[in-house]
Amino acid sequence: MSYNFKEVESKWQKYWSKNQVYKALNNNSLPKYYVMDMFPYPSGAGLHVGHPLGYIASDIYSRFKRHNGFNVLHPQGYDSFGLPAEQYAIQTGRHPVETTNENIKRYREQLDRLGFSFDWSREIRTSNKDYYKWTQWMFIKLYNSWYDYDSDKSKPVEELVNIFEKRGNTNINACVSDSIEFFNSEEWILFSESKKENILLCYRLAFLSEIDVNWCSKLGTVLANDEVVDGLSERGGHEVVRKKMTQWSIRISAFSERLLEGLKNIDWPDPLKEMQRNWIGKSEGALVKFDIENFEKKIEAFTTRVDTIFGVTFITLAPEHPFVSKITSKENKNKVDDYILESSKKTERDRISDVKTISGVFTGGHAIHPLTKKKLPIWISDYVLASYGTGAVMAVPCGDQRDYNFAKFFKIPIINIFKNVDISNEAYHSKDKYELINSKFLDGMNFHEATSKAIKELIKVDKGVHKVNYKLRDAVFSRQRYWGEPFPVYYKNNHPVMINEKYLPIILPDVDKYLPTEEGKPPLGNSKCWAWDIKKNKIVENSLIDNKNIFPMELNTMPGWAGSSWYFNRYMDPNNSDFFASKESLDYWREVDLYVGGSEHATGHLLYSRFWQYFLYDHNLVPVPDYAKKLINQGMILGNSAYIYRLNGSDKYFSYGLIKDKNVQAIHVDIKFVNSNNELNIDELKNWQPQFYNSKFELENNKFFVKREVEKMSKSKYNVVNPDEICDKYGADTLRLYEMFLGPIDQAKPWNTAGISGTFSFLNKFWNLFHKNDIFLINDQEPSKDELKTLHKTINKVCQDIENFSFNTAVSAFMICVNELNSLKCNNRLILKDLCILLSPFAPHICEELWSKLGYNQSISNVNYPIFNPEFVKESNIEYPVSFNGKLRFKLNLEISLNIDEIKKIILNHEKTPQYLNGKEIKKVIIVPRKIINIVC
RNA sequence: GCUUCGGUGGCGGAAUUGGUAGACGCGCUGGAUUCAAAAUCCAGUUCUUUCGAGAGUGUGGGUUCGAUUCCCACCCGAAGUACCA
């Protein structure tokens, strides 16, 4: 007899929703606990069984916390701006709003079936105008801020203007674009408004600049660094080229050190922190200034090996370096121009894949070594990146392999500065175990001595400073897309102007076409109504643009990470129309206590959102700088794909065992047509796709076998398993338990539908313990000692496991518990009561049902969790001695409070302790303060 | 190349601070029940074996009374990152 999960699950889902059981209140005397999932992008494909993994884990934890007396906030929402909806719109002409709403509806249905305890009254969508109003508001705030390194925080731009008026910009330690000139207060006051604007733009945290961007022509948009993988777009895998464009950027680089330091204060997985550290890429070294022959400016080169300064034999600049044209001699001009042209044609991908080729051109110019005053030839080469450091390298061929290869290839001299080191074949790049020679005052020193001495000397002659460099780049914030937040910006005399926050939100206009315009402008250029009237303070028709009262609007939209960088704050007070969240709600919920999501967002969302929160914190808009105390990454659930093999150039398929060394091509087939023995149902396959209809299938023992392979679940691999099907067949509780049972939450693990019968029969066993022929049957006596022991063992284990996020072992503990109760034939009321509460975070529906059968008419959700009582699980002091590998061991209860000599005495005098072991007399007893004691002869 | 994580039966995976390796589940084998099947229940299931035992947690060493666990070297796999000066 099995329980009717369909009836039970839909009954309780309705009950929870109707009674708003999981609604969190903003004012409550209970301690708060905030559990959040990374909100999904609602794609058209719906959910597969991999998606809910993290949601199940966070749901278990939320329910557990609720049982432990916390006021739990567990919200859910949608990251609903994004590229797929837009591409679908381009293909079909349907408005992204429509398809997004449909997808969300489908997601919601699928989520609801799994019995999550989300507080849906707080649902948010980043594409709702009431939400993106605040994204726009924060953008304006970023625009009106600059970064002050002295106090290490961002501040309002008005303060900066004050400083400029009083003492110019020479003495401020701000994060600024490199093209800044110095001025004093008198000069500032005399600057034109336009010039002032341009200068301020170099300080603003949201700024416009002409930059090299990752341009993807296929997607018609620029991409952030983390959206480019191996020189191809992350979405779609299209080619990405470098291109100069005027774009909005966010000065996240100002926050590099804080983002790095802040990692110490948050309990996030170490691998993820490590990824962020690598991405920020802090390196410490020196900035060395080289005078140039016949040119007034200096080349600045960043190096981490200033100790090798006397090994410098040439300078290499990136082809894009601004000085290149200035220092190139007449006779080298043609070659240099050719080289620059050639390297600018190369895509990012070419440059990466072509690492081995050594190329470069001598400019004809020379720099002066700051300490030896020797002439150093200046070369250009594309192994030097304009985007890292200063785009200039002081080349030390004896100590750096790339410089070495370059010098050998172009026959540039190499000076050896390492004592007793052979550099005839390769450079010596180790920082340890060397002694310097040929290095004047550094001779005889090691790395640390030489580094600090060299920096001191450089400072003395004003040719260098100590410098910390970061890889982290400013983040490009403009997207040439339709389906994103519009900027609250119009242009007046080519200067961006922020629309007053009173008039937000600036609502995304409708367009006829979602493609770029014919002139190559972003899709918003297709809108007929996208101009700003400064008199009426509203959006008006384009045709009215006169650049006096009516100005053109910004045509770009914001990237996907804009809306997701602060959404955790909005859940605290999602319907507030006066502010993104009220001060009271922010002060009550403060930060996310547990954040669950995938590690693929390590260098994207999880970095941007940390930055964004620091920024809000600097302006006293949020109460804490770190928005998520603890984060766990759920691993991916992998699919079990099926392949069949076609003989190349034919229409003939071979069963897997018949392939041997035939020349075959592997083809994915839908796993629906394959049974657990890897046999393929050929008839179903033929009906699936016409290409198989007339194909020949070579059988093996009258059967056709496929090859199985574990890989990422995806529609294109035909290996997705839909949670709806599992819910239909086994129920949500079984699915929840099984997903947790598969393995550690943070590990990738393959899905195997066959294995689900284990958790399914566990729930049936549990149900049947208290049912006879579908009738609820329990006894009201005091539980037996054995029953209590089983129960409390389980309480102890499960509570520990939940706190450690070890949900797979918790499920095992439940299975052991039910097996033991089964052999005890236990149907005790009090045991069931505690077990119901204990299991309810994992399998809420069945527990809620049994709970109501016990006669309670309140939901189980807020009942106190059972408390472990160690009295019930005590064991006897000494068990039988066991012979093991020629040794004896005893099991002792840890609670014995005897000293070691007393324990020895007990053991040696114990009636079961032999005097001899393997024919030898026992002479020595070694006590290890553990459960088990060895006696060694 | 660099950084990080991992390697345990046919499979997913357990194993407190070093203390009876393989919990729990799948699969498989045998049995009960059934006209039969499904479902359910019971027993067995690391390998070798001359049935006494022996070997065994990627490989080779080391520390220890004792190592899946700690240390060293190597092999393999996954993820991230990369002309980063």
# chains A, B, ... in the order shown; residues from 1 in each chain; ligands from 1
>>> interface_residues(of="chain B", to="chain A", cutoff="7 Å", atoms="only C-alpha atoms (C1' of nucleotides)", output="number ranges by chain")
B: 4, 12-13, 19, 24-26, 65, 80, 83-85
>>> residues_around(residues="region 718-727 of chain A", least_positions_apart="6", cutoff="10 Å", atoms="only C-alpha atoms (C1' of nucleotides)", output="ChimeraX atom specification")
/A:5-6,9,46-52,109-111,113-114,638-643,668-672,709-712,733-736,751-753,756
>>> atom_distance(atom1="CA of Arg829 (chain A)", atom2="CA of Phe760 (chain A)")
23.0 Å
>>> residues_around(residues="Arg122 (chain A)", least_positions_apart="3", cutoff="9 Å", atoms="only C-alpha atoms (C1' of nucleotides)", output="list in words")
Lys23, Ala24, Pro75, Gln76, Gly77, Phe118, Asp119, Arg570, Tyr571, Met572, Asp573, Pro574 and Asn575 of chain A
>>> residues_around(residues="C41 (chain B)", least_positions_apart="2", cutoff="12 Å", atoms="only C-alpha atoms (C1' of nucleotides)", output="MDAnalysis selection string")
(chainID A and resid 765 822:823) or (chainID B and resid 31:33 39 43)
>>> closest_residue(among="A:Ser145, A:Asn162, A:Gln613, A:Ser154", to="Arg204 (chain A)", atoms="only C-alpha atoms")
A:Ser145
>>> closest_residue(among="B:A14, B:G60, B:G44, B:U20", to="C72 (chain B)", atoms="only C-alpha atoms (C1' of nucleotides)")
B:G60
>>> atom_distance(atom1="CA of Ser253 (chain A)", atom2="CA of Tyr131 (chain A)")
26.7 Å
>>> select_by_dssp(residues="region 153-199 of chain A", states="alpha helix (DSSP H)", output="list in words")
Val157, Glu158, Glu159, Leu160, Val161, Asn162, Ile163, Phe164, Glu165, Lys166, Arg167, Ser185, Glu186, Glu187, Trp188, Ile189, Leu190, Glu193, Ser194, Lys195, Lys196, Glu197, Asn198 and Ile199 of chain A
>>> residues_around(residues="Ser861 (chain A)", least_positions_apart="3", cutoff="10 Å", atoms="only C-alpha atoms (C1' of nucleotides)", output="ChimeraX atom specification")
/A:16,21-22,63-67,117,837,840-841,844,847-848,858,864-865
>>> closest_residue(among="A:Met740, A:Asn144, A:Gly262, A:Trp767", to="Gly635 (chain A)", atoms="only C-alpha atoms")
A:Met740
>>> residues_around(residues="region 53-59 of chain B", least_positions_apart="2", cutoff="12 Å", atoms="only C-alpha atoms (C1' of nucleotides)", output="VMD selection string")
chain B and resid 6 to 9 15 21 to 22 46 to 51 61 67 to 69 73 to 77
>>> decode(residues="region 716-747 of chain A", atoms="N, CA, C and O atoms", output="CSV table (one decimal), in the first residue's frame")
chain,number,residue,atom,x,y,z
A,716,SER,N,20.0,20.7,-26.0
A,716,SER,CA,20.7,20.3,-27.2
A,716,SER,C,21.3,18.9,-27.1
A,716,SER,O,21.6,18.2,-28.1
A,717,LYS,N,21.5,18.4,-25.9
A,717,LYS,CA,22.1,17.1,-25.7
A,717,LYS,C,21.0,16.0,-25.5
A,717,LYS,O,21.3,14.9,-25.3
A,718,TYR,N,19.8,16.5,-25.5
A,718,TYR,CA,18.6,15.6,-25.3
A,718,TYR,C,18.8,14.7,-24.0
A,718,TYR,O,18.4,13.6,-24.0
A,719,ASN,N,19.3,15.3,-23.0
A,719,ASN,CA,19.5,14.5,-21.7
A,719,ASN,C,18.9,15.2,-20.5
A,719,ASN,O,19.2,14.9,-19.4
A,720,VAL,N,17.9,16.1,-20.8
A,720,VAL,CA,17.3,16.8,-19.7
A,720,VAL,C,16.2,15.9,-19.0
A,720,VAL,O,15.5,15.1,-19.7
A,721,VAL,N,16.1,16.0,-17.7
A,721,VAL,CA,15.0,15.3,-17.0
A,721,VAL,C,14.2,16.4,-16.4
A,721,VAL,O,14.7,17.3,-15.7
A,722,ASN,N,12.9,16.3,-16.7
A,722,ASN,CA,12.0,17.3,-16.3
A,722,ASN,C,11.4,17.0,-14.9
A,722,ASN,O,10.9,15.9,-14.6
A,723,PRO,N,11.5,18.0,-13.9
A,723,PRO,CA,11.0,17.7,-12.6
A,723,PRO,C,9.5,17.4,-12.5
A,723,PRO,O,9.1,16.6,-11.7
A,724,ASP,N,8.8,17.9,-13.5
A,724,ASP,CA,7.3,17.6,-13.5
A,724,ASP,C,7.0,16.1,-13.7
A,724,ASP,O,6.2,15.6,-13.0
A,725,GLU,N,7.8,15.5,-14.5
A,725,GLU,CA,7.6,14.1,-14.8
A,725,GLU,C,7.9,13.3,-13.5
A,725,GLU,O,7.2,12.3,-13.2
A,726,ILE,N,9.0,13.7,-12.8
A,726,ILE,CA,9.3,13.0,-11.5
A,726,ILE,C,8.2,13.2,-10.5
A,726,ILE,O,7.8,12.3,-9.8
A,727,CYS,N,7.7,14.5,-10.4
A,727,CYS,CA,6.6,14.7,-9.5
A,727,CYS,C,5.4,13.9,-9.8
A,727,CYS,O,4.7,13.4,-8.9
A,728,ASP,N,5.1,13.8,-11.1
A,728,ASP,CA,3.9,12.9,-11.5
A,728,ASP,C,4.1,11.5,-11.0
A,728,ASP,O,3.2,10.9,-10.5
A,729,LYS,N,5.3,11.0,-11.1
A,729,LYS,CA,5.5,9.6,-10.9
A,729,LYS,C,5.8,9.3,-9.4
A,729,LYS,O,5.4,8.2,-8.9
A,730,TYR,N,6.5,10.1,-8.8
A,730,TYR,CA,7.0,9.8,-7.4
A,730,TYR,C,6.6,10.9,-6.4
A,730,TYR,O,6.6,10.6,-5.2
A,731,GLY,N,6.3,12.1,-6.8
A,731,GLY,CA,5.9,13.1,-5.9
A,731,GLY,C,7.1,14.0,-5.6
A,731,GLY,O,8.2,13.7,-5.7
A,732,ALA,N,6.7,15.2,-5.1
A,732,ALA,CA,7.7,16.3,-4.8
A,732,ALA,C,8.6,15.9,-3.6
A,732,ALA,O,9.8,16.1,-3.6
A,733,ASP,N,8.0,15.3,-2.6
A,733,ASP,CA,8.8,14.9,-1.4
A,733,ASP,C,9.9,13.9,-1.8
A,733,ASP,O,11.1,14.1,-1.4
A,734,THR,N,9.6,13.0,-2.6
A,734,THR,CA,10.5,12.0,-3.1
A,734,THR,C,11.6,12.7,-3.9
A,734,THR,O,12.8,12.4,-3.6
A,735,LEU,N,11.2,13.6,-4.8
A,735,LEU,CA,12.2,14.3,-5.6
A,735,LEU,C,13.2,15.1,-4.7
A,735,LEU,O,14.4,15.1,-4.9
A,736,ARG,N,12.6,15.8,-3.7
A,736,ARG,CA,13.4,16.7,-2.8
A,736,ARG,C,14.4,15.8,-2.1
A,736,ARG,O,15.6,16.1,-2.0
A,737,LEU,N,13.9,14.7,-1.5
A,737,LEU,CA,14.8,13.8,-0.8
A,737,LEU,C,15.9,13.3,-1.7
A,737,LEU,O,17.1,13.2,-1.3
A,738,TYR,N,15.5,12.9,-2.9
A,738,TYR,CA,16.5,12.2,-3.8
A,738,TYR,C,17.5,13.2,-4.2
A,738,TYR,O,18.7,12.9,-4.3
A,739,GLU,N,17.1,14.4,-4.6
A,739,GLU,CA,18.1,15.4,-5.0
A,739,GLU,C,19.2,15.7,-3.9
A,739,GLU,O,20.3,15.8,-4.1
A,740,MET,N,18.7,15.6,-2.6
A,740,MET,CA,19.6,15.8,-1.5
A,740,MET,C,20.5,14.6,-1.3
A,740,MET,O,21.6,14.7,-0.9
A,741,PHE,N,19.9,13.4,-1.6
A,741,PHE,CA,20.5,12.2,-1.3
A,741,PHE,C,21.7,11.9,-2.3
A,741,PHE,O,22.6,11.2,-2.0
A,742,LEU,N,21.6,12.5,-3.5
A,742,LEU,CA,22.5,12.2,-4.6
A,742,LEU,C,24.0,12.3,-4.2
A,742,LEU,O,24.8,11.6,-4.7
A,743,GLY,N,24.3,13.3,-3.3
A,743,GLY,CA,25.7,13.5,-2.9
A,743,GLY,C,25.8,14.9,-2.3
A,743,GLY,O,24.8,15.6,-2.1
A,744,PRO,N,27.0,15.2,-1.9
A,744,PRO,CA,27.3,16.5,-1.2
A,744,PRO,C,26.7,17.7,-2.1
A,744,PRO,O,26.9,17.7,-3.3
A,745,ILE,N,26.1,18.6,-1.4
A,745,ILE,CA,25.4,19.7,-2.1
A,745,ILE,C,26.4,20.5,-3.1
A,745,ILE,O,25.9,20.9,-4.2
A,746,ASP,N,27.6,20.6,-2.7
A,746,ASP,CA,28.5,21.5,-3.5
A,746,ASP,C,29.2,20.7,-4.6
A,746,ASP,O,30.1,21.3,-5.3
A,747,GLN,N,28.9,19.4,-4.8
A,747,GLN,CA,29.7,18.7,-5.8
A,747,GLN,C,28.8,18.4,-7.0
A,747,GLN,O,27.6,18.3,-7.0
